[in-house]
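Next up, final_5.tsv (TSV, C-alpha atoms):
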chain	number	residue	atom	x	y	z
A	4	MET	CA	104.22	56.39	73.97
A	5	ARG	CA	103.89	60.14	74.45
A	6	GLU	CA	102.36	61.27	77.76
A	7	THR	CA	99.63	63.85	77.59
A	8	THR	CA	98.52	66.34	80.22
A	9	THR	CA	94.87	66.11	81.16
A	10	PRO	CA	92.76	69.31	81.08
A	11	GLY	CA	92.29	69.14	84.85
A	12	LEU	CA	96.04	68.99	85.43
A	13	ARG	CA	96.64	71.87	83.01
A	14	ILE	CA	94.11	73.98	84.92
A	15	LYS	CA	95.75	73.15	88.24
A	16	THR	CA	99.18	73.98	86.82
A	17	ARG	CA	97.94	77.31	85.48
A	18	GLN	CA	96.36	78.15	88.83
A	19	ALA	CA	99.60	77.32	90.64
A	20	VAL	CA	101.67	79.51	88.30
A	21	THR	CA	99.14	82.35	88.56
A	22	GLN	CA	99.23	82.17	92.36
A	23	ALA	CA	103.04	82.08	92.50
A	24	LEU	CA	103.33	85.02	90.11
A	25	ALA	CA	100.75	87.02	92.06
A	26	ASP	CA	102.57	86.32	95.33
A	27	THR	CA	105.85	87.54	93.84
A	28	ALA	CA	104.24	90.70	92.50
A	29	LEU	CA	102.36	91.45	95.72
A	30	GLU	CA	105.54	91.16	97.76
A	31	LEU	CA	107.18	93.72	95.47
A	32	PHE	CA	104.16	96.02	95.59
A	33	ASP	CA	103.99	95.77	99.37
A	34	THR	CA	107.66	96.51	99.99
A	35	THR	CA	108.38	98.98	97.17
A	36	GLY	CA	105.03	100.52	96.27
A	37	PHE	CA	102.61	99.62	93.50
A	38	ASP	CA	103.39	102.63	91.30
A	39	GLN	CA	107.14	102.12	91.63
A	40	VAL	CA	107.09	98.49	90.47
A	41	THR	CA	107.03	97.75	86.75
A	42	VAL	CA	106.07	94.57	84.90
A	43	ALA	CA	109.77	94.26	84.07
A	44	ASP	CA	110.54	94.21	87.81
A	45	ILE	CA	107.94	91.50	88.39
A	46	VAL	CA	109.14	89.20	85.63
A	47	ALA	CA	112.76	89.66	86.69
A	48	ALA	CA	111.88	88.61	90.24
A	49	ALA	CA	109.74	85.71	89.01
A	50	GLY	CA	112.29	84.53	86.43
A	51	ILE	CA	109.90	84.61	83.48
A	52	SER	CA	109.48	86.68	80.32
A	53	GLN	CA	107.11	89.63	79.95
A	54	ARG	CA	105.28	87.62	77.30
A	55	SER	CA	104.68	84.89	79.87
A	56	PHE	CA	103.42	87.46	82.40
A	57	PHE	CA	100.76	88.66	79.98
A	58	ARG	CA	99.52	85.11	79.51
A	59	TYR	CA	98.31	85.26	83.10
A	60	PHE	CA	97.50	88.93	83.71
A	61	SER	CA	96.38	91.79	81.49
A	62	ASN	CA	98.14	94.40	83.62
A	63	LYS	CA	99.50	95.10	87.11
A	64	GLU	CA	96.04	95.90	88.49
A	65	ASP	CA	94.81	92.43	87.60
A	66	VAL	CA	97.56	90.95	89.76
A	67	VAL	CA	95.97	92.61	92.79
A	68	PHE	CA	92.33	92.07	91.91
A	69	GLY	CA	92.22	89.17	89.45
A	70	ASP	CA	89.01	87.21	89.87
A	71	SER	CA	89.46	86.75	93.62
A	72	ILE	CA	87.28	89.66	94.76
A	73	PRO	CA	83.66	88.49	94.57
A	74	SER	CA	81.30	89.90	91.98
A	75	ALA	CA	78.10	91.72	92.91
A	76	ASP	CA	76.05	88.62	92.07
A	77	GLU	CA	78.23	86.42	94.29
A	78	VAL	CA	77.86	88.85	97.20
A	79	ARG	CA	74.09	88.95	96.72
A	80	ASP	CA	73.86	85.15	96.61
A	81	GLU	CA	75.86	84.86	99.81
A	82	LEU	CA	73.68	87.44	101.57
A	83	LEU	CA	70.49	85.69	100.46
A	84	ARG	CA	71.69	82.49	102.11
A	85	HIS	CA	71.71	84.30	105.45
A	86	LEU	CA	68.68	86.58	104.98
A	87	ASP	CA	66.38	83.56	105.06
A	88	LYS	CA	67.36	82.75	108.64
A	89	ALA	CA	68.58	85.96	110.30
A	90	PRO	CA	67.69	89.65	110.72
A	91	VAL	CA	69.22	91.94	108.12
A	92	TRP	CA	72.18	93.24	110.16
A	93	ASN	CA	73.08	89.76	111.37
A	94	ALA	CA	72.80	88.47	107.78
A	95	LEU	CA	75.20	91.17	106.59
A	96	ARG	CA	77.62	90.27	109.37
A	97	ALA	CA	77.43	86.56	108.48
A	98	ALA	CA	77.97	87.25	104.77
A	99	PHE	CA	81.11	89.28	105.46
A	100	GLN	CA	82.35	86.65	107.90
A	101	THR	CA	82.13	84.07	105.10
A	102	ALA	CA	84.42	86.26	102.99
A	103	ALA	CA	86.69	86.74	106.00
A	104	LEU	CA	87.05	82.99	106.50
A	105	GLN	CA	88.23	82.59	102.91
A	106	MET	CA	90.69	85.46	103.28
A	107	ASP	CA	91.96	84.18	106.61
A	108	SER	CA	92.79	80.84	104.99
A	109	ASP	CA	95.32	82.62	102.72
A	110	ARG	CA	96.20	85.42	105.08
A	111	GLU	CA	99.64	86.47	103.82
A	112	HIS	CA	98.32	86.94	100.28
A	113	TRP	CA	95.27	88.89	101.41
A	114	LYS	CA	97.12	91.00	103.98
A	115	ARG	CA	99.54	92.12	101.30
A	116	ALA	CA	96.78	92.72	98.76
A	117	THR	CA	94.83	94.80	101.29
A	118	ARG	CA	97.84	96.92	102.20
A	119	VAL	CA	98.64	97.54	98.53
A	120	ILE	CA	95.04	98.54	97.75
A	121	CYS	CA	94.80	100.88	100.74
A	122	ARG	CA	98.10	102.61	99.95
A	123	THR	CA	97.46	103.10	96.21
A	124	PRO	CA	94.81	105.70	95.30
A	125	GLY	CA	94.04	104.19	91.88
A	126	LEU	CA	93.52	100.72	93.33
A	127	ARG	CA	91.49	102.11	96.21
A	128	ALA	CA	89.18	103.81	93.71
A	129	ARG	CA	88.73	100.54	91.82
A	130	TYR	CA	87.96	98.76	95.09
A	131	LEU	CA	85.32	101.38	95.95
A	132	GLU	CA	83.75	100.77	92.53
A	133	LYS	CA	83.27	97.17	93.69
A	134	HIS	CA	81.51	98.49	96.79
A	135	LEU	CA	79.13	100.54	94.66
A	136	ALA	CA	78.31	97.51	92.51
A	137	TRP	CA	77.63	95.42	95.62
A	138	THR	CA	75.41	98.15	97.07
A	139	ASP	CA	73.35	98.40	93.89
A	140	VAL	CA	72.36	94.73	93.98
A	141	LEU	CA	71.96	94.45	97.76
A	142	VAL	CA	69.70	97.47	98.33
A	143	PRO	CA	66.56	95.93	96.71
A	144	GLU	CA	67.06	92.64	98.57
A	145	ILE	CA	67.36	94.32	101.96
A	146	ALA	CA	64.74	97.02	101.39
A	147	SER	CA	62.17	94.35	100.55
A	148	ARG	CA	62.72	92.79	103.99
A	149	LEU	CA	62.34	95.97	106.01
A	150	ASP	CA	59.11	97.19	107.57
A	151	PRO	CA	57.15	98.88	104.76
A	152	ASP	CA	55.36	101.04	107.32
A	153	GLY	CA	58.62	102.32	108.80
A	154	PRO	CA	60.95	105.04	107.51
A	155	ASP	CA	62.12	105.01	103.86
A	156	ALA	CA	63.14	101.37	103.33
A	157	GLU	CA	65.56	102.11	100.50
A	158	LEU	CA	67.35	104.78	102.52
A	159	ARG	CA	67.59	102.44	105.51
A	160	ALA	CA	68.92	99.66	103.28
A	161	GLN	CA	71.59	101.94	101.79
A	162	THR	CA	72.59	103.08	105.27
A	163	MET	CA	72.90	99.54	106.58
A	164	ILE	CA	74.88	98.28	103.59
A	165	ASN	CA	77.33	101.17	103.60
A	166	THR	CA	77.76	100.84	107.36
A	167	ALA	CA	78.47	97.13	106.92
A	168	LEU	CA	81.02	97.86	104.20
A	169	GLY	CA	82.65	100.41	106.50
A	170	CYS	CA	82.82	97.85	109.31
A	171	PHE	CA	84.35	95.32	106.96
A	172	ASP	CA	87.00	97.78	105.77
A	173	VAL	CA	87.92	98.85	109.32
A	174	ALA	CA	88.40	95.21	110.35
A	175	LEU	CA	90.30	94.44	107.15
A	176	MET	CA	92.73	97.33	107.58
A	177	ARG	CA	93.39	96.53	111.25
A	178	TRP	CA	93.97	92.87	110.34
A	179	SER	CA	96.27	93.61	107.39
A	180	ASP	CA	98.45	96.04	109.38
A	181	SER	CA	98.75	93.89	112.50
A	182	SER	CA	101.68	91.60	113.14
A	183	ALA	CA	99.62	89.77	115.76
A	184	ASP	CA	97.86	86.51	114.93
A	185	LEU	CA	94.41	88.10	114.65
A	186	SER	CA	91.42	86.21	113.33
A	187	LEU	CA	89.70	88.27	110.64
A	188	PRO	CA	86.26	86.65	111.20
A	189	ALA	CA	86.50	87.37	114.95
A	190	LEU	CA	87.61	90.93	114.27
A	191	ILE	CA	84.65	91.46	111.93
A	192	ASP	CA	82.33	90.10	114.59
A	193	ASP	CA	83.73	92.62	117.09
A	194	VAL	CA	83.47	95.60	114.74
A	195	PHE	CA	79.95	94.74	113.62
A	196	GLY	CA	79.06	94.39	117.29
A	197	PHE	CA	79.87	98.07	117.83
A	198	VAL	CA	76.92	98.94	115.57
A	199	GLU	CA	73.40	97.74	116.18
A	200	PHE	CA	70.40	98.42	113.96
A	201	ARG	CA	67.13	98.06	115.80
A	202	HIS	CA	63.96	96.66	114.19
A	203	ALA	CA	65.89	95.53	111.10
The structure given in the file should be rewritten as structure tokens.
Amino acid sequence: MRETTTPGLRIKTRQAVTQALADTALELFDTTGFDQVTVADIVAAAGISQRSFFRYFSNKEDVVFGDSIPSADEVRDELLRHLDKAPVWNALRAAFQTAALQMDSDREHWKRATRVICRTPGLRARYLEKHLAWTDVLVPEIASRLDPDGPDAELRAQTMINTALGCFDVALMRWSDSSADLSLPALIDDVFGFVEFRHA
């Protein structure tokens, strides 16, 4: 009797191959430079065909970003979980710490991805586009929770969000470049602690 592969097993197998291929590519990008590495280099290192590569990724950029960086809606949903029980700045810190915990659990992958993004202008620009999308959906949520009788709520919300994103990036870059066994969530807590928004 012929054995069949269940859909769940096929999904797990695809995820494992995708992860292994991404890890191979990121190692090449990190050591050689994103722009210097071709798809041909990746498939040669991975021992697969170019046709197989394009079954998993549309292009080199997708290897770095894929679907692992949260969408604007996912970031908003995570922030809303914390806004119900904490002041705005603390809620932003908690939301970014949640992301940091996930990244810390696969630290070699994320350290390499971060270094590659920071060293490649085109990837950095795409990453900043993500920031803009996050800001667009977070501003209304935060502005609605600020004192309506205080200064311009939308301007304050934009300032807080962009400051939080800056704190996250500073912690992320320090973490990715360090050979020490740093905890990304703890580092984010420290960096956010350098900035305090009063009456938020």
Inset, instruction - May I have the protein, DNA and RNA residues with any atom at most 12 Å from the point (93.1, 98.9, 108.6), counting all atoms listed in the file, written as a count of residues only? - result: 25
Legend entry - Distance in Å - CA of Ser74 in chain A versus CA of Ala160 in chain A: 19.4 Å
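For the choices A:Pro188, A:Ala146, A:Gly196, A:Ser182, the atom-to-atom distance to Ala102 in chain A is smallest for A:Pro188 when using all atoms listed in the file.
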Inset, instruction - Excluding Ala156 in chain A and residues on its chain fewer than 2 positions from it, collect all residues at most 12 Å away from it, counting all atoms listed in the file, and give them as an MDAnalysis selection string. - result: chainID A and resid 142:154 158:163 202:203
Take the residues just selected and output them with C-alpha atoms as a tab-separated table (two decimals), in the coordinates of the input.
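The resulting file, out.tsv, is reproduced below:
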chain	number	residue	atom	x	y	z
A	142	VAL	CA	69.70	97.47	98.33
A	143	PRO	CA	66.56	95.93	96.71
A	144	GLU	CA	67.06	92.64	98.57
A	145	ILE	CA	67.36	94.32	101.96
A	146	ALA	CA	64.74	97.02	101.39
A	147	SER	CA	62.17	94.35	100.55
A	148	ARG	CA	62.72	92.79	103.99
A	149	LEU	CA	62.34	95.97	106.01
A	150	ASP	CA	59.11	97.19	107.57
A	151	PRO	CA	57.15	98.88	104.76
A	152	ASP	CA	55.36	101.04	107.32
A	153	GLY	CA	58.62	102.32	108.80
A	154	PRO	CA	60.95	105.04	107.51
A	158	LEU	CA	67.35	104.78	102.52
A	159	ARG	CA	67.59	102.44	105.51
A	160	ALA	CA	68.92	99.66	103.28
A	161	GLN	CA	71.59	101.94	101.79
A	162	THR	CA	72.59	103.08	105.27
A	163	MET	CA	72.90	99.54	106.58
A	202	HIS	CA	63.96	96.66	114.19
A	203	ALA	CA	65.89	95.53	111.10
Legend entry - Coordinates-based distance that separates CA of Leu168 in chain A from CA of Thr27 in chain A (Å, one decimal): 28.8 Å
Inset, instruction - Could you check which of A:Trp92, A:Phe32, A:Trp113, A:Phe68 is closest to Arg129 in chain A, using only C-alpha atoms? - result: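 Closest residue, counting only C-alpha atoms: A:Phe68.
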Inset, instruction - Just give me the gap between CA of His85 in chain A and CA of Ala98 in chain A in Å, one decimal is fine. - result: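 These atoms are spaced 7.0 Å apart.
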Legend entry - Nearest candidate to Thr138 in chain A (options A:Asp155, A:Ala97, A:Ala183, A:Leu82; using all atoms listed in the file):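 Nearest candidate to Thr138 in chain A out of A:Asp155, A:Ala97, A:Ala183, A:Leu82: A:Leu82.
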Legend entry - Nearest-residue call for Lys133 in chain A, choices A:Glu199, A:Glu157, A:Asp38, A:Asp76, using only C-alpha atoms: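 Of the candidates, the smallest distance to Lys133 in chain A is held by A:Asp76.
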Legend entry - Among the residues A:Gln100, A:Asp192, A:Thr123, A:Glu111, the one that comes closest to Gln39 in chain A [using only C-alpha atoms]: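 The closest residue to Gln39 in chain A is A:Thr123.
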Inset, instruction - Quick one: everything within 7 Å of range 58-67 of chain A, counting only C-alpha atoms, minus sequence neighbours fewer than 6 positions away in the same chain. Send it as a list of chain:residue names. - result: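 Listing them by chain and then by number gives A:Thr21, A:Ala25, A:Val42, A:Ala116.
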Atoms kept (C-alpha atoms) for selection, written as a compact mmCIF listing (two decimals), keeping the file's coordinate frame:
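Result went into selection.txt, see below:
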# COMPACT_ATOMS: atom_id res chain seq x y z
CA THR A 21 99.14 82.35 88.56
CA ALA A 25 100.75 87.02 92.06
CA VAL A 42 106.07 94.57 84.90
CA ALA A 116 96.78 92.72 98.76
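Closest approach to Phe37 in chain A among A:Glu77, A:Leu126, A:Ala49, A:Ala19: A:Leu126, based on only C-alpha atoms.
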